Each structure stands twice: as C-alpha cells, then as structure tokens.
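Visitor: This is the structure, below, for whatever I ask next.
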Amino acid sequence: MFNLGWGAVFVLVTYGFFLLCYRLFGKKGLYAWIGVATVIANIQVTKTIDIMGIVLTLGNTMYVSMYLTSDLLNEKYGPGEARKAVWFGFFTLIMTTVLMQMVLYFDPAPTDFAQESMAKLFGLLPRLALGSLTAYFISQFLDVRLYSWLRKVAPGRNQLWIRTNGSSIISSFVDTLVFCTIAFAFIYPWDVWLEIFLTTYIIKFVLTAVGTPFLYAARSFKFKDEA
C-alpha cells in the first residue's frame, strides 16, 4: 500500500512542478520541461515497482506530462509551437542517448565508482532505445495532429478536457503499442506482453485524466510579454 500512496504524492509533485515551470518561465518553461522530461522519463523507466500485485515501470507520469505540455502549447500558442516542442524533445532524446553511450565507452579509472551504475541506467539495449525513439516520434506528432482536429470538433473553452483527453488517450495507446512491440515482441510470451501493454496503457489513461485539472490551471496563466 505504501507504493500506492507514495505514487499519488509522486504524481501530484510531478504535475505541480509542471505548473511551476510554466508559471515561472512561460512558454520557454514548456520547452525546457519537454527537454528535461524526455531524459528523466527514460531514466525513471528503468525502475520497476509493485502496486497491489501489479508490476509497473516508472516514467509514465513524466511521459504523460509531455502530452500535457504539447497540448498546452497547442491550446495557447498553436500547433506550430507544439510541433517545434516535439522536435526539441526528439533532439534531446537522441542527444542524450548518443552522448551517454559515448561516455560509457571511456575506460574508467581504477578509483571510479560510477561506471557500473551508469551502464545500468544508460546502457540501453538497441531494441529499447529504438522503441523509445520511435514511440516518442510517432505518438507526439500524432497527439499534436489529433488535438488540432479535436479543437475544430470541440472548440469551446470548457471543452478542453475533450481535446486533451481525446488526443492523449489515443496517442498514449499508439505510443504504448509501438514501444511494447519493438522492445518486447518475441522476447516475452504473448500473455506477458499483453499484460505489460495493458497495464502500461491503463496507467497512462489514468494519469492523463488526473493531469487534466492541472492543464486547466496552466491555461489560465497570463504573462505580460504575451499580452
């Protein structure tokens, strides 16, 4: 039960920092959040936890926050800004992956204590790295397109929850499907693969719903240089 309660606190703190980043730094803060979130999410995902008998990977909260970020950019600044942020996140993810793989190739000093730990965190298998990059690229651009389409279908200010949940729920499904297929297909039995896929998607579904009030709050922020 500890992980369940601590997980709820963890989600609230993560989304709270998302709001604070936007409140303090405006649109630039959203770009910064995308860059940081892509790195942190791929570090957190290496840790697994057990909640009520279900084994989950961390990283989902931070990853869903990226959908909230692109949706907020789309809502307040247009799809062009949202797509630019997605490209920035993709660049950050590639840059981090390449640089950290190069770091691991250095011969550590006899007194070094970090190499083994860094290898566990950043020494990703090629399939995992490919799955992460592909899933991010496809799902994030899909989210921007879906949000723009839903804005035409449900344009009302009070219909923000339709736009963000509709686009993120579909994008999260595609993201989870692409990543699990590339990373885990033919490695685990299909019943295990299906369990991983379903639990990961359900968590993202719940996290998207929980993040919606935070998105409403962020949309109300006003900045002098954007007046």
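In the structure tokens, chains take letters A, B, ... by order of appearance, with residues numbered from 1 within each chain and ligands from 1 in the order shown.
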As a PyMOL selection string, which residues of region 24-187 of chain A does DSSP assign to alpha helix (DSSP H)?

Guide: chain A and resi 24-44+60-77+79-105+115-122+126-153+160-184

Visitor: Let me see the file: selected residues, C-alpha atoms, as a tab-separated table (two decimals), in the first residue's frame.

Guide:
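selection_26.tsv was written with the following content:
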chain	number	residue	atom	x	y	z
A	24	LEU	CA	7.89	30.94	-13.61
A	25	PHE	CA	9.23	30.77	-17.17
A	26	GLY	CA	6.24	30.95	-19.51
A	27	LYS	CA	6.44	29.36	-22.95
A	28	LYS	CA	10.20	28.87	-22.59
A	29	GLY	CA	9.48	26.83	-19.49
A	30	LEU	CA	7.32	24.45	-21.51
A	31	TYR	CA	10.16	23.84	-23.95
A	32	ALA	CA	12.51	23.28	-21.03
A	33	TRP	CA	10.02	20.84	-19.49
A	34	ILE	CA	9.86	18.82	-22.71
A	35	GLY	CA	13.64	18.58	-22.84
A	36	VAL	CA	14.04	17.58	-19.21
A	37	ALA	CA	11.05	15.22	-19.24
A	38	THR	CA	12.34	13.17	-22.17
A	39	VAL	CA	15.57	12.49	-20.28
A	40	ILE	CA	14.05	11.89	-16.85
A	41	ALA	CA	11.31	9.62	-18.18
A	42	ASN	CA	13.85	7.35	-19.84
A	43	ILE	CA	15.85	7.14	-16.60
A	44	GLN	CA	12.82	6.52	-14.41
A	60	ASN	CA	4.79	7.07	-17.12
A	61	THR	CA	3.91	10.19	-15.13
A	62	MET	CA	6.72	12.21	-16.67
A	63	TYR	CA	5.89	10.87	-20.11
A	64	VAL	CA	2.21	11.80	-19.82
A	65	SER	CA	3.27	15.27	-18.69
A	66	MET	CA	4.83	15.70	-22.13
A	67	TYR	CA	1.40	15.21	-23.71
A	68	LEU	CA	0.03	17.84	-21.35
A	69	THR	CA	2.85	20.17	-22.39
A	70	SER	CA	2.29	19.77	-26.13
A	71	ASP	CA	-1.48	20.15	-25.61
A	72	LEU	CA	-0.95	23.36	-23.63
A	73	LEU	CA	1.35	24.74	-26.32
A	74	ASN	CA	-1.23	23.81	-28.94
A	75	GLU	CA	-4.04	25.39	-26.93
A	76	LYS	CA	-2.34	28.71	-26.20
A	77	TYR	CA	0.22	29.16	-28.98
A	79	PRO	CA	0.09	23.65	-33.44
A	80	GLY	CA	3.29	25.10	-34.89
A	81	GLU	CA	4.72	25.72	-31.42
A	82	ALA	CA	3.60	22.28	-30.28
A	83	ARG	CA	5.37	20.59	-33.22
A	84	LYS	CA	8.51	22.62	-32.54
A	85	ALA	CA	8.49	21.39	-28.94
A	86	VAL	CA	8.12	17.79	-30.10
A	87	TRP	CA	11.15	18.19	-32.38
A	88	PHE	CA	13.07	19.71	-29.47
A	89	GLY	CA	12.20	16.74	-27.27
A	90	PHE	CA	13.19	14.29	-30.01
A	91	PHE	CA	16.54	16.07	-30.41
A	92	THR	CA	17.10	15.99	-26.65
A	93	LEU	CA	16.37	12.28	-26.51
A	94	ILE	CA	18.75	11.47	-29.38
A	95	MET	CA	21.46	13.75	-28.00
A	96	THR	CA	21.27	12.19	-24.53
A	97	THR	CA	21.28	8.65	-25.92
A	98	VAL	CA	24.29	9.24	-28.16
A	99	LEU	CA	26.35	11.19	-25.62
A	100	MET	CA	25.73	8.76	-22.77
A	101	GLN	CA	26.63	5.78	-24.96
A	102	MET	CA	29.89	7.56	-25.79
A	103	VAL	CA	30.50	8.25	-22.08
A	104	LEU	CA	30.20	4.54	-21.31
A	105	TYR	CA	32.97	3.72	-23.81
A	115	GLN	CA	30.68	3.25	-14.42
A	116	GLU	CA	28.67	0.22	-13.35
A	117	SER	CA	25.68	2.26	-12.19
A	118	MET	CA	25.74	4.45	-15.29
A	119	ALA	CA	25.91	1.37	-17.50
A	120	LYS	CA	22.78	0.02	-15.86
A	121	LEU	CA	20.91	3.30	-16.34
A	122	PHE	CA	22.12	4.35	-19.78
A	126	PRO	CA	19.32	-1.34	-29.02
A	127	ARG	CA	15.70	-2.53	-29.12
A	128	LEU	CA	14.74	-0.47	-26.09
A	129	ALA	CA	16.42	2.65	-27.46
A	130	LEU	CA	14.81	2.17	-30.88
A	131	GLY	CA	11.42	1.52	-29.29
A	132	SER	CA	11.63	4.64	-27.15
A	133	LEU	CA	12.70	6.92	-30.00
A	134	THR	CA	10.15	5.53	-32.47
A	135	ALA	CA	7.27	5.60	-30.00
A	136	TYR	CA	8.06	9.18	-28.97
A	137	PHE	CA	8.32	10.43	-32.55
A	138	ILE	CA	5.09	8.82	-33.76
A	139	SER	CA	2.91	9.41	-30.71
A	140	GLN	CA	3.89	13.01	-30.01
A	141	PHE	CA	3.28	14.21	-33.56
A	142	LEU	CA	0.04	12.22	-33.61
A	143	ASP	CA	-1.02	13.97	-30.41
A	144	VAL	CA	-0.45	17.40	-31.96
A	145	ARG	CA	-2.47	16.48	-35.05
A	146	LEU	CA	-5.32	14.93	-33.05
A	147	TYR	CA	-5.50	17.90	-30.70
A	148	SER	CA	-5.72	20.31	-33.64
A	149	TRP	CA	-8.51	18.22	-35.18
A	150	LEU	CA	-10.43	17.96	-31.89
A	151	ARG	CA	-10.15	21.71	-31.48
A	152	LYS	CA	-12.28	22.05	-34.62
A	153	VAL	CA	-14.77	19.44	-33.42
A	160	LEU	CA	-10.57	21.50	-23.13
A	161	TRP	CA	-10.97	18.17	-21.32
A	162	ILE	CA	-12.32	16.62	-24.53
A	163	ARG	CA	-9.40	17.87	-26.58
A	164	THR	CA	-6.63	16.89	-24.20
A	165	ASN	CA	-8.06	13.55	-23.07
A	166	GLY	CA	-9.18	12.57	-26.56
A	167	SER	CA	-5.82	13.28	-28.16
A	168	SER	CA	-3.67	11.96	-25.31
A	169	ILE	CA	-5.62	8.74	-24.80
A	170	ILE	CA	-5.28	7.78	-28.47
A	171	SER	CA	-1.65	8.91	-28.66
A	172	SER	CA	-0.78	7.01	-25.48
A	173	PHE	CA	-2.32	3.88	-26.95
A	174	VAL	CA	-0.20	4.20	-30.08
A	175	ASP	CA	2.89	5.04	-28.02
A	176	THR	CA	2.46	2.00	-25.79
A	177	LEU	CA	1.73	-0.29	-28.73
A	178	VAL	CA	4.77	0.85	-30.72
A	179	PHE	CA	7.17	0.70	-27.77
A	180	CYS	CA	5.99	-2.66	-26.44
A	181	THR	CA	6.05	-4.19	-29.92
A	182	ILE	CA	9.57	-3.03	-30.77
A	183	ALA	CA	11.03	-3.60	-27.30
A	184	PHE	CA	9.29	-6.76	-26.10

Visitor: Which residues are near Gly16 (chain A)? Cut-off 12 Å, only C-alpha atoms, ignore same chain within fewer than 3 positions. Put them as an MDAnalysis selection string.

Guide: chainID A and resid 9:13 19:23 61:62 65 210:211 213:215 217:218

Visitor: Can you pull out every residue within 8 Å of region 46-54 of chain A, counting only C-alpha atoms, but drop anything in the same chain fewer than 4 positions away, and send it as a ChimeraX atom specification?

Guide: /A:1,3-4,42,58,121,199

Visitor: Go ahead and save the residues from that selection, with C-alpha atoms, as a PDB file, in the first residue's frame.

Guide:
ATOM      1  CA  MET A   1       0.000   0.000   0.000  1.00  0.00           C
ATOM      2  CA  ASN A   3       3.722   2.444  -3.195  1.00  0.00           C
ATOM      3  CA  LEU A   4       0.107   3.370  -3.964  1.00  0.00           C
ATOM      4  CA  ASN A  42      13.855   7.350 -19.840  1.00  0.00           C
ATOM      5  CA  LEU A  58       8.220   4.328 -13.536  1.00  0.00           C
ATOM      6  CA  LEU A 121      20.910   3.302 -16.344  1.00  0.00           C
ATOM      7  CA  THR A 199      -1.075  -2.187 -17.509  1.00  0.00           C
TER       8      THR A 199
END

Visitor: Give me, as an NGL selection string, the residues of region 30-148 of chain A that a backbone DSSP run labels strand (DSSP E or B).

Guide: :A and (48-51 or 54-57)

Visitor: So how far away is CA of Phe221 (chain A) from CA of Gly59 (chain A), in Å?

Guide: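 Taking CA of Gly59 (chain A) as the start and CA of Phe221 (chain A) as the end point, the length is 26.7 Å.
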